[in-house]
Amino acid sequence: MNDLTPIKTTLKDWETDQEVRWCPGCGDYAILKAVQRTLPDLGADPSKTVFVSGIGCSSRFPYYIESYGFHTIHGRAPAFATGIKLANPELDVWLITGDGDGLSIGGNHLMHILRRNVNTQILLFNNEIYGLTKGQFSPTSREGTFSPTSPMGSVDRPASPCAFALGAGGRFIARSYDVSKDLASVIKAAHAHQGAAFVEIFQNCIVYNKDRFDDFIAKPVADANQVWARHGEPLLFAKGTRGIGLDTATLTLKVVDVVDGDWRGAGVIVHNVTNRAVAHMLIEMPFGPFPMALGVIYDDPRPTYEGELLGQDQKARAGKSADLGKLLAKGQTWTVPG
């Protein structure tokens with residue numbers, strides 16, 4: 001996030017004249033609207049906002065936001081975003097990617113923007129499939145996924161986007177899903193973070209991976225299968241009747257029952273966004289025995305890459321004047337007669 005002078009905009013100010021072209025029912029529509037509705041609340045300025053994407057269904061995003069935008073090449077959006085931020089640190093840079101674009105060919109680039117801590121918001125849409133190229137299994141597809149490239153079921157162990165981001169040195173890790181009413185608050189928290197803010201958004205692919213996340217998103221099971229991480233609040237779910245506790249003997253998380261609202265007596269832990277160890281355990285909780293951890297899981301800022309690099313550059317320039325002729329004449333020189 002940048003310390004921008006807030007300006008007043010509306011949802012309409014962030015909509016373009018382009019026809020939004022995703023499959024009917026695609027979760028990307030909900031994410032687009034959530035972002036467009038959130039930008040006015042942030043006081044964002046379209047003339048100082050840049051959306052950068054790679055390749056994939058999610059990467060159409062820059063066409064649909066009335067700001068500057070770059071639809072770049074497969075997996076390389078983090079490199080472009082880094083260059084944009086270094087060229088003009090005053091710009092508010094958003095990076096849009098998908099599980100295939102960001103974690104397959106783009107995994108190396110994503111790692112570097114996270115470890116460097118470039119001040120950007122990174123939204124990774126995870127539908128656990130390659131949608132644009134017709135349904136092949138992706139790095140996040142679950143074992144046993146049937147697809148054109150895994151007709152007998154995928155034997156790959158899926159990558160965890162949030163675990164990857166945390167392991168790469170990310171200092172802000174969050175999760176939400178396309179139709180969540182809390183997605184906007186997660187986006188706002190990411191924007192408020194100084195540094196690389198990584199948000200995994202579970203996204204429904206209506207054609208090739210329909211209802212993949214219904215086991216924790218569908219209304220009948222959502223309360224029982226989601227735990228929302230909110231700083232300073234107990235990790236409760238199932239309408240407050242269950243919670244996440246810490247087994248001190250094994251230093252692992254456990255599910256505990258809460259009787260009569262006494263979550264303290266049950267040993268439910270209070271979420272602290274700066275606790276990296278607990279953040280890692282929340283991310284790695286196996287779904288089924290545990291609920292899906294959502295919300296802001298980790299938020300512990302450190303100095304940004306561009307701040308330190310440009311500060312170093314400024315220090316190197318101090319007391320010096322630019323003299324191209326002197327630079328060219330420096331060291332061994334000679335004249336070639338005409």
# chains A, B, ... in the order shown; residues from 1 in each chain; ligands from 1

call {"tool": "residues_around", "arguments": {"residues": "A:Thr140", "least_positions_apart": "4", "cutoff": "10 Å", "atoms": "only C-alpha atoms", "output": "ChimeraX atom specification"}}
result
/A:99-100,103-104,126-130,156-161

call {"tool": "select_by_dssp", "arguments": {"residues": "stretch 211-296 of chain A", "states": "strand (DSSP E or B)", "output": "short mmCIF file (atom, residue, chain, number, x, y, z; two decimals) with C-alpha atoms, in the first residue's frame"}}
result
data_model
loop_
_atom_site.label_atom_id
_atom_site.label_comp_id
_atom_site.auth_asym_id
_atom_site.auth_seq_id
_atom_site.Cartn_x
_atom_site.Cartn_y
_atom_site.Cartn_z
CA GLN A 226 -14.77 -22.55 8.16
CA VAL A 227 -12.73 -20.85 10.86
CA TRP A 228 -12.11 -17.15 10.27
CA ALA A 229 -8.84 -15.81 11.61
CA PRO A 234 -10.61 -16.59 19.53
CA LEU A 236 -14.04 -20.33 16.97
CA PHE A 237 -16.28 -22.04 14.42
CA ARG A 242 -15.96 -25.58 18.57
CA GLY A 243 -12.56 -23.96 18.38
CA ILE A 244 -8.87 -24.39 17.60
CA GLY A 245 -6.61 -25.15 20.55
CA LEU A 246 -2.91 -25.89 20.96
CA ASP A 247 -1.71 -29.28 22.15
CA THR A 252 0.25 -29.07 17.18
CA LEU A 253 -3.22 -27.66 16.74
CA LYS A 254 -6.33 -29.54 17.80
CA VAL A 255 -10.09 -29.10 17.58
CA VAL A 256 -11.78 -28.60 20.94
CA ASP A 257 -15.43 -28.50 21.99
CA VAL A 268 -9.19 -22.04 22.34
CA VAL A 270 -6.66 -16.16 20.40
CA PHE A 287 -9.27 -30.18 5.85
CA PHE A 290 -10.02 -29.44 10.75
CA MET A 292 -10.59 -24.40 6.45
CA ALA A 293 -8.69 -21.41 7.86
CA LEU A 294 -9.79 -18.15 6.21
CA GLY A 295 -9.15 -14.45 6.79
CA VAL A 296 -5.87 -12.68 7.58
#

call {"tool": "select_by_dssp", "arguments": {"residues": "stretch 11-69 of chain A", "states": "helix (DSSP H, G or I)", "output": "PDB file with N, CA and C atoms, in the first residue's frame"}}
result
ATOM      1  N   LEU A  11     -18.207   2.867  -7.647  1.00  0.00           N
ATOM      2  CA  LEU A  11     -18.059   1.624  -8.395  1.00  0.00           C
ATOM      3  C   LEU A  11     -17.973   1.903  -9.892  1.00  0.00           C
ATOM      4  N   LYS A  12     -18.807   2.813 -10.393  1.00  0.00           N
ATOM      5  CA  LYS A  12     -18.843   3.117 -11.824  1.00  0.00           C
ATOM      6  C   LYS A  12     -17.505   3.647 -12.335  1.00  0.00           C
ATOM      7  N   ASP A  13     -16.785   4.362 -11.473  1.00  0.00           N
ATOM      8  CA  ASP A  13     -15.494   4.929 -11.883  1.00  0.00           C
ATOM      9  C   ASP A  13     -14.454   3.856 -12.166  1.00  0.00           C
ATOM     10  N   TRP A  14     -14.677   2.646 -11.661  1.00  0.00           N
ATOM     11  CA  TRP A  14     -13.711   1.565 -11.823  1.00  0.00           C
ATOM     12  C   TRP A  14     -14.154   0.534 -12.853  1.00  0.00           C
ATOM     13  N   ASP A  28     -14.907 -15.534 -11.060  1.00  0.00           N
ATOM     14  CA  ASP A  28     -14.156 -14.300 -11.319  1.00  0.00           C
ATOM     15  C   ASP A  28     -15.054 -13.071 -11.322  1.00  0.00           C
ATOM     16  N   TYR A  29     -16.317 -13.232 -11.708  1.00  0.00           N
ATOM     17  CA  TYR A  29     -17.251 -12.099 -11.698  1.00  0.00           C
ATOM     18  C   TYR A  29     -17.394 -11.536 -10.283  1.00  0.00           C
ATOM     19  N   ALA A  30     -17.540 -12.428  -9.314  1.00  0.00           N
ATOM     20  CA  ALA A  30     -17.716 -11.994  -7.923  1.00  0.00           C
ATOM     21  C   ALA A  30     -16.459 -11.313  -7.400  1.00  0.00           C
ATOM     22  N   ILE A  31     -15.284 -11.840  -7.771  1.00  0.00           N
ATOM     23  CA  ILE A  31     -14.029 -11.233  -7.319  1.00  0.00           C
ATOM     24  C   ILE A  31     -13.869  -9.851  -7.940  1.00  0.00           C
ATOM     25  N   LEU A  32     -14.177  -9.733  -9.232  1.00  0.00           N
ATOM     26  CA  LEU A  32     -14.088  -8.435  -9.911  1.00  0.00           C
ATOM     27  C   LEU A  32     -14.955  -7.397  -9.210  1.00  0.00           C
ATOM     28  N   LYS A  33     -16.202  -7.760  -8.912  1.00  0.00           N
ATOM     29  CA  LYS A  33     -17.105  -6.813  -8.255  1.00  0.00           C
ATOM     30  C   LYS A  33     -16.605  -6.458  -6.860  1.00  0.00           C
ATOM     31  N   ALA A  34     -16.067  -7.446  -6.145  1.00  0.00           N
ATOM     32  CA  ALA A  34     -15.545  -7.179  -4.799  1.00  0.00           C
ATOM     33  C   ALA A  34     -14.406  -6.168  -4.854  1.00  0.00           C
ATOM     34  N   VAL A  35     -13.521  -6.318  -5.835  1.00  0.00           N
ATOM     35  CA  VAL A  35     -12.396  -5.387  -5.975  1.00  0.00           C
ATOM     36  C   VAL A  35     -12.900  -4.007  -6.393  1.00  0.00           C
ATOM     37  N   GLN A  36     -13.796  -3.957  -7.372  1.00  0.00           N
ATOM     38  CA  GLN A  36     -14.322  -2.671  -7.846  1.00  0.00           C
ATOM     39  C   GLN A  36     -15.080  -1.928  -6.746  1.00  0.00           C
ATOM     40  N   ARG A  37     -15.760  -2.659  -5.888  1.00  0.00           N
ATOM     41  CA  ARG A  37     -16.493  -2.017  -4.785  1.00  0.00           C
ATOM     42  C   ARG A  37     -15.551  -1.580  -3.665  1.00  0.00           C
ATOM     43  N   THR A  38     -14.427  -2.269  -3.525  1.00  0.00           N
ATOM     44  CA  THR A  38     -13.488  -1.973  -2.446  1.00  0.00           C
ATOM     45  C   THR A  38     -12.594  -0.787  -2.775  1.00  0.00           C
ATOM     46  N   LEU A  39     -12.221  -0.626  -4.027  1.00  0.00           N
ATOM     47  CA  LEU A  39     -11.293   0.450  -4.407  1.00  0.00           C
ATOM     48  C   LEU A  39     -11.789   1.831  -3.979  1.00  0.00           C
ATOM     49  N   PRO A  40     -13.083   2.171  -4.140  1.00  0.00           N
ATOM     50  CA  PRO A  40     -13.539   3.471  -3.634  1.00  0.00           C
ATOM     51  C   PRO A  40     -13.381   3.608  -2.120  1.00  0.00           C
ATOM     52  N   ASP A  41     -13.593   2.521  -1.375  1.00  0.00           N
ATOM     53  CA  ASP A  41     -13.440   2.566   0.075  1.00  0.00           C
ATOM     54  C   ASP A  41     -11.995   2.827   0.483  1.00  0.00           C
ATOM     55  N   LEU A  42     -11.052   2.441  -0.386  1.00  0.00           N
ATOM     56  CA  LEU A  42      -9.633   2.651  -0.103  1.00  0.00           C
ATOM     57  C   LEU A  42      -9.184   4.067  -0.442  1.00  0.00           C
ATOM     58  N   PRO A  46      -7.608   6.126  -9.711  1.00  0.00           N
ATOM     59  CA  PRO A  46      -7.386   5.362 -10.950  1.00  0.00           C
ATOM     60  C   PRO A  46      -6.129   5.773 -11.694  1.00  0.00           C
ATOM     61  N   SER A  47      -5.744   7.047 -11.587  1.00  0.00           N
ATOM     62  CA  SER A  47      -4.563   7.523 -12.310  1.00  0.00           C
ATOM     63  C   SER A  47      -3.263   7.088 -11.652  1.00  0.00           C
ATOM     64  N   LYS A  48      -3.345   6.521 -10.447  1.00  0.00           N
ATOM     65  CA  LYS A  48      -2.142   6.048  -9.748  1.00  0.00           C
ATOM     66  C   LYS A  48      -2.236   4.562  -9.396  1.00  0.00           C
ATOM     67  N   CYS A  57      -7.496 -17.344 -17.141  1.00  0.00           N
ATOM     68  CA  CYS A  57      -8.804 -16.699 -17.022  1.00  0.00           C
ATOM     69  C   CYS A  57      -8.736 -15.473 -16.125  1.00  0.00           C
ATOM     70  N   SER A  58      -8.060 -15.596 -14.991  1.00  0.00           N
ATOM     71  CA  SER A  58      -7.965 -14.475 -14.049  1.00  0.00           C
ATOM     72  C   SER A  58      -7.260 -13.278 -14.674  1.00  0.00           C
ATOM     73  N   SER A  59      -6.392 -13.544 -15.641  1.00  0.00           N
ATOM     74  CA  SER A  59      -5.538 -12.488 -16.175  1.00  0.00           C
ATOM     75  C   SER A  59      -6.239 -11.550 -17.142  1.00  0.00           C
ATOM     76  N   ARG A  60      -7.531 -11.749 -17.377  1.00  0.00           N
ATOM     77  CA  ARG A  60      -8.319 -10.749 -18.118  1.00  0.00           C
ATOM     78  C   ARG A  60      -8.601  -9.521 -17.247  1.00  0.00           C
ATOM     79  N   PHE A  61      -8.343  -9.652 -15.977  1.00  0.00           N
ATOM     80  CA  PHE A  61      -8.729  -8.643 -14.989  1.00  0.00           C
ATOM     81  C   PHE A  61      -8.382  -7.198 -15.373  1.00  0.00           C
ATOM     82  N   PRO A  62      -7.159  -6.901 -15.837  1.00  0.00           N
ATOM     83  CA  PRO A  62      -6.825  -5.495 -16.133  1.00  0.00           C
ATOM     84  C   PRO A  62      -7.740  -4.833 -17.157  1.00  0.00           C
ATOM     85  N   TYR A  63      -8.356  -5.626 -18.050  1.00  0.00           N
ATOM     86  CA  TYR A  63      -9.253  -5.046 -19.045  1.00  0.00           C
ATOM     87  C   TYR A  63     -10.527  -4.491 -18.404  1.00  0.00           C
ATOM     88  N   TYR A  64     -10.850  -4.972 -17.226  1.00  0.00           N
ATOM     89  CA  TYR A  64     -12.139  -4.659 -16.615  1.00  0.00           C
ATOM     90  C   TYR A  64     -12.034  -3.677 -15.445  1.00  0.00           C
TER      91      TYR A  64
END

call {"tool": "closest_residue", "arguments": {"among": "A:Gln312, A:Asn108, A:Thr10, A:Gln121", "to": "A:Ala189", "atoms": "only C-alpha atoms"}}
result
A:Gln121

call {"tool": "residues_around", "arguments": {"residues": "A:Arg212", "least_positions_apart": "5", "cutoff": "12 Å", "atoms": "only C-alpha atoms", "output": "ChimeraX atom specification"}}
result
/A:27,126-129,140-142,145,177,202-207,217-218

call {"tool": "write_last_selection", "arguments": {"atoms": "N, CA, C and O atoms", "output": "short mmCIF file (atom, residue, chain, number, x, y, z; two decimals), in the first residue's frame"}}
result
data_model
loop_
_atom_site.label_atom_id
_atom_site.label_comp_id
_atom_site.auth_asym_id
_atom_site.auth_seq_id
_atom_site.Cartn_x
_atom_site.Cartn_y
_atom_site.Cartn_z
N GLY A 27 -16.57 -17.72 -10.93
CA GLY A 27 -16.31 -16.99 -9.69
C GLY A 27 -15.55 -15.70 -9.89
O GLY A 27 -15.54 -14.84 -9.00
N ASN A 126 -7.51 -19.32 -7.06
CA ASN A 126 -7.23 -20.76 -7.04
C ASN A 126 -8.51 -21.54 -7.34
O ASN A 126 -9.40 -21.64 -6.50
N ASN A 127 -8.59 -22.09 -8.56
CA ASN A 127 -9.73 -22.96 -8.90
C ASN A 127 -9.30 -24.41 -9.07
O ASN A 127 -10.09 -25.26 -9.51
N GLU A 128 -8.04 -24.70 -8.72
CA GLU A 128 -7.50 -26.06 -8.74
C GLU A 128 -7.60 -26.72 -10.11
O GLU A 128 -7.75 -27.94 -10.23
N ILE A 129 -7.48 -25.90 -11.17
CA ILE A 129 -7.57 -26.46 -12.52
C ILE A 129 -7.01 -25.43 -13.51
O ILE A 129 -6.95 -24.24 -13.20
N THR A 140 -2.30 -27.05 -8.00
CA THR A 140 -3.09 -27.14 -6.77
C THR A 140 -4.20 -28.19 -6.85
O THR A 140 -4.94 -28.38 -5.88
N SER A 141 -4.33 -28.88 -7.98
CA SER A 141 -5.37 -29.90 -8.11
C SER A 141 -5.15 -31.01 -7.09
O SER A 141 -4.02 -31.43 -6.83
N ARG A 142 -6.24 -31.50 -6.54
CA ARG A 142 -6.14 -32.55 -5.53
C ARG A 142 -5.75 -33.88 -6.16
O ARG A 142 -5.99 -34.12 -7.35
N THR A 145 -7.55 -36.08 -9.17
CA THR A 145 -8.30 -35.22 -10.10
C THR A 145 -8.24 -35.80 -11.52
O THR A 145 -7.16 -36.03 -12.06
N TYR A 177 -12.73 -16.54 -0.35
CA TYR A 177 -13.29 -17.18 -1.53
C TYR A 177 -14.18 -16.21 -2.28
O TYR A 177 -14.58 -15.17 -1.75
N PHE A 202 -10.19 -18.73 -3.23
CA PHE A 202 -10.78 -19.92 -3.85
C PHE A 202 -11.86 -19.47 -4.84
O PHE A 202 -12.74 -18.68 -4.49
N GLN A 203 -11.77 -19.98 -6.05
CA GLN A 203 -12.62 -19.48 -7.13
C GLN A 203 -13.26 -20.64 -7.88
O GLN A 203 -12.58 -21.58 -8.29
N ASN A 204 -14.56 -20.58 -8.03
CA ASN A 204 -15.30 -21.67 -8.67
C ASN A 204 -15.16 -21.62 -10.19
O ASN A 204 -15.50 -20.62 -10.83
N CYS A 205 -14.65 -22.71 -10.77
CA CYS A 205 -14.62 -22.86 -12.23
C CYS A 205 -15.86 -23.65 -12.62
O CYS A 205 -15.92 -24.87 -12.41
N ILE A 206 -16.84 -22.97 -13.15
CA ILE A 206 -18.15 -23.54 -13.41
C ILE A 206 -18.11 -24.65 -14.47
O ILE A 206 -18.96 -25.55 -14.49
N VAL A 207 -17.09 -24.65 -15.34
CA VAL A 207 -17.03 -25.59 -16.46
C VAL A 207 -16.18 -26.82 -16.14
O VAL A 207 -16.62 -27.95 -16.32
N ILE A 217 -17.67 -24.26 1.52
CA ILE A 217 -18.29 -22.99 1.13
C ILE A 217 -19.82 -23.07 1.11
O ILE A 217 -20.51 -22.10 1.42
N ALA A 218 -20.37 -24.22 0.75
CA ALA A 218 -21.82 -24.35 0.66
C ALA A 218 -22.49 -23.96 1.97
O ALA A 218 -22.00 -24.30 3.06
#

call {"tool": "residues_around", "arguments": {"residues": "A:Ala277", "least_positions_apart": "2", "cutoff": "12 Å", "atoms": "only C-alpha atoms", "output": "PyMOL selection string"}}
result
chain A and resi 163+166-167+246+251-253+271-275+279-284+297-298

call {"tool": "write_last_selection", "arguments": {"atoms": "N, CA and C atoms", "output": "tab-separated table (two decimals), in the first residue's frame"}}
result
chain	number	residue	atom	x	y	z
A	163	ALA	N	1.08	-21.78	1.96
A	163	ALA	CA	2.31	-22.35	2.52
A	163	ALA	C	3.51	-21.93	1.67
A	166	LEU	N	4.23	-18.22	2.46
A	166	LEU	CA	4.86	-18.07	3.78
A	166	LEU	C	6.30	-18.57	3.73
A	167	GLY	N	6.51	-19.70	3.07
A	167	GLY	CA	7.85	-20.26	2.97
A	167	GLY	C	8.80	-19.39	2.16
A	246	LEU	N	-4.30	-25.47	21.15
A	246	LEU	CA	-2.91	-25.89	20.96
A	246	LEU	C	-2.59	-27.04	21.92
A	251	LEU	N	2.92	-29.71	20.40
A	251	LEU	CA	3.02	-28.42	19.70
A	251	LEU	C	2.32	-28.48	18.35
A	252	THR	N	1.10	-29.02	18.37
A	252	THR	CA	0.25	-29.07	17.18
A	252	THR	C	-1.12	-28.53	17.54
A	253	LEU	N	-1.88	-28.15	16.51
A	253	LEU	CA	-3.22	-27.66	16.74
A	253	LEU	C	-4.19	-28.81	16.93
A	271	HIS	N	-6.27	-15.50	18.11
A	271	HIS	CA	-5.44	-15.31	16.91
A	271	HIS	C	-4.56	-14.07	17.03
A	272	ASN	N	-3.29	-14.26	16.73
A	272	ASN	CA	-2.31	-13.18	16.70
A	272	ASN	C	-1.66	-13.19	15.33
A	273	VAL	N	-1.93	-12.18	14.51
A	273	VAL	CA	-1.46	-12.20	13.12
A	273	VAL	C	0.05	-12.13	12.99
A	274	THR	N	0.75	-11.77	14.06
A	274	THR	CA	2.22	-11.70	13.99
A	274	THR	C	2.90	-13.01	14.37
A	275	ASN	N	2.12	-14.02	14.77
A	275	ASN	CA	2.69	-15.30	15.19
A	275	ASN	C	2.87	-16.20	13.96
A	279	ALA	N	0.56	-19.30	12.35
A	279	ALA	CA	0.09	-19.06	10.99
A	279	ALA	C	0.40	-20.26	10.11
A	280	HIS	N	1.60	-20.78	10.23
A	280	HIS	CA	1.98	-21.94	9.43
A	280	HIS	C	1.11	-23.14	9.76
A	281	MET	N	0.82	-23.35	11.03
A	281	MET	CA	-0.03	-24.48	11.42
A	281	MET	C	-1.46	-24.31	10.92
A	282	LEU	N	-1.97	-23.09	10.95
A	282	LEU	CA	-3.33	-22.84	10.44
A	282	LEU	C	-3.41	-23.12	8.94
A	283	ILE	N	-2.39	-22.71	8.22
A	283	ILE	CA	-2.35	-22.94	6.77
A	283	ILE	C	-2.31	-24.42	6.45
A	284	GLU	N	-1.55	-25.17	7.25
A	284	GLU	CA	-1.34	-26.59	6.96
A	284	GLU	C	-2.38	-27.52	7.58
A	297	ILE	N	-4.33	-14.47	8.01
A	297	ILE	CA	-3.66	-15.50	8.80
A	297	ILE	C	-2.32	-14.99	9.35
A	298	TYR	N	-1.64	-14.16	8.58
A	298	TYR	CA	-0.32	-13.66	9.01
A	298	TYR	C	-0.15	-12.23	8.50

call {"tool": "closest_residue", "arguments": {"among": "A:Asn117, A:Thr5, A:Ser176, A:Thr335", "to": "A:Arg302", "atoms": "only C-alpha atoms"}}
result
A:Asn117

call {"tool": "residues_around", "arguments": {"residues": "A:Phe216", "least_positions_apart": "5", "cutoff": "8 Å", "atoms": "only C-alpha atoms", "output": "MDAnalysis selection string"}}
result
chainID A and resid 221:222 224:226 291:292

call {"tool": "residues_around", "arguments": {"residues": "A:Gly170", "least_positions_apart": "2", "cutoff": "12 Å", "atoms": "only C-alpha atoms", "output": "PyMOL selection string"}}
result
chain A and resi 110-122+161-168+172-174+190+193-199+276+279-280+297-302+304

call {"tool": "atom_distance", "arguments": {"atom1": "atom CA of A:Trp263", "atom2": "atom CA of A:Ser180"}}
result
25.5 Å

call {"tool": "atom_distance", "arguments": {"atom1": "atom CA of A:Thr72", "atom2": "atom CA of A:Ile55"}}
result
7.1 Å

call {"tool": "decode", "arguments": {"residues": "stretch 141-150 of chain A", "atoms": "all heavy atoms", "output": "CSV table (one decimal), in the first residue's frame"}}
result
chain,number,residue,atom,x,y,z
A,141,SER,N,-4.3,-28.9,-8.0
A,141,SER,CA,-5.4,-29.9,-8.1
A,141,SER,C,-5.1,-31.0,-7.1
A,141,SER,O,-4.0,-31.4,-6.8
A,141,SER,CB,-5.4,-30.5,-9.5
A,141,SER,OG,-5.7,-29.5,-10.5
A,142,ARG,N,-6.2,-31.5,-6.5
A,142,ARG,CA,-6.1,-32.6,-5.5
A,142,ARG,C,-5.8,-33.9,-6.2
A,142,ARG,O,-6.0,-34.1,-7.3
A,142,ARG,CB,-7.5,-32.7,-4.8
A,142,ARG,CG,-7.9,-31.4,-4.2
A,142,ARG,CD,-9.3,-31.5,-3.5
A,142,ARG,NE,-9.8,-30.1,-3.3
A,142,ARG,CZ,-10.9,-29.9,-2.7
A,142,ARG,NH1,-11.6,-30.8,-2.1
A,142,ARG,NH2,-11.4,-28.6,-2.6
A,143,GLU,N,-5.1,-34.7,-5.3
A,143,GLU,CA,-4.8,-36.1,-5.8
A,143,GLU,C,-6.1,-36.8,-6.3
A,143,GLU,O,-7.1,-36.7,-5.7
A,143,GLU,CB,-4.1,-36.9,-4.7
A,143,GLU,CG,-2.7,-36.3,-4.3
A,143,GLU,CD,-2.1,-37.1,-3.2
A,143,GLU,OE1,-1.6,-38.2,-3.4
A,143,GLU,OE2,-2.2,-36.6,-2.1
A,144,GLY,N,-6.0,-37.5,-7.4
A,144,GLY,CA,-7.1,-38.2,-8.0
A,144,GLY,C,-7.9,-37.4,-8.9
A,144,GLY,O,-8.9,-37.9,-9.5
A,145,THR,N,-7.5,-36.1,-9.2
A,145,THR,CA,-8.3,-35.2,-10.1
A,145,THR,C,-8.2,-35.8,-11.5
A,145,THR,O,-7.2,-36.0,-12.1
A,145,THR,CB,-7.7,-33.8,-10.1
A,145,THR,OG1,-7.9,-33.2,-8.8
A,145,THR,CG2,-8.4,-32.9,-11.1
A,146,PHE,N,-9.4,-36.0,-12.1
A,146,PHE,CA,-9.5,-36.5,-13.5
A,146,PHE,C,-9.5,-35.3,-14.4
A,146,PHE,O,-10.3,-34.4,-14.2
A,146,PHE,CB,-10.7,-37.3,-13.7
A,146,PHE,CG,-10.7,-38.6,-12.9
A,146,PHE,CD1,-11.3,-38.8,-11.7
A,146,PHE,CD2,-10.1,-39.7,-13.4
A,146,PHE,CE1,-11.3,-39.9,-11.0
A,146,PHE,CE2,-10.0,-40.9,-12.7
A,146,PHE,CZ,-10.7,-41.1,-11.5
A,147,SER,N,-8.7,-35.4,-15.4
A,147,SER,CA,-8.6,-34.3,-16.4
A,147,SER,C,-8.0,-34.8,-17.7
A,147,SER,O,-7.5,-35.9,-17.8
A,147,SER,CB,-7.7,-33.1,-15.8
A,147,SER,OG,-6.3,-33.5,-16.0
A,148,PRO,N,-7.9,-34.0,-18.8
A,148,PRO,CA,-7.3,-34.4,-20.0
A,148,PRO,C,-5.9,-34.9,-19.9
A,148,PRO,O,-5.4,-35.7,-20.7
A,148,PRO,CB,-7.5,-33.2,-20.9
A,148,PRO,CG,-8.7,-32.5,-20.4
A,148,PRO,CD,-8.6,-32.7,-18.9
A,149,THR,N,-5.2,-34.3,-18.9
A,149,THR,CA,-3.8,-34.6,-18.7
A,149,THR,C,-3.6,-35.6,-17.6
A,149,THR,O,-2.4,-36.0,-17.3
A,149,THR,CB,-2.9,-33.4,-18.5
A,149,THR,OG1,-3.6,-32.6,-17.5
A,149,THR,CG2,-2.7,-32.6,-19.8
A,150,SER,N,-4.7,-36.0,-16.9
A,150,SER,CA,-4.6,-37.0,-15.9
A,150,SER,C,-5.8,-37.9,-16.0
A,150,SER,O,-6.7,-37.9,-15.1
A,150,SER,CB,-4.4,-36.4,-14.5
A,150,SER,OG,-5.5,-35.5,-14.3
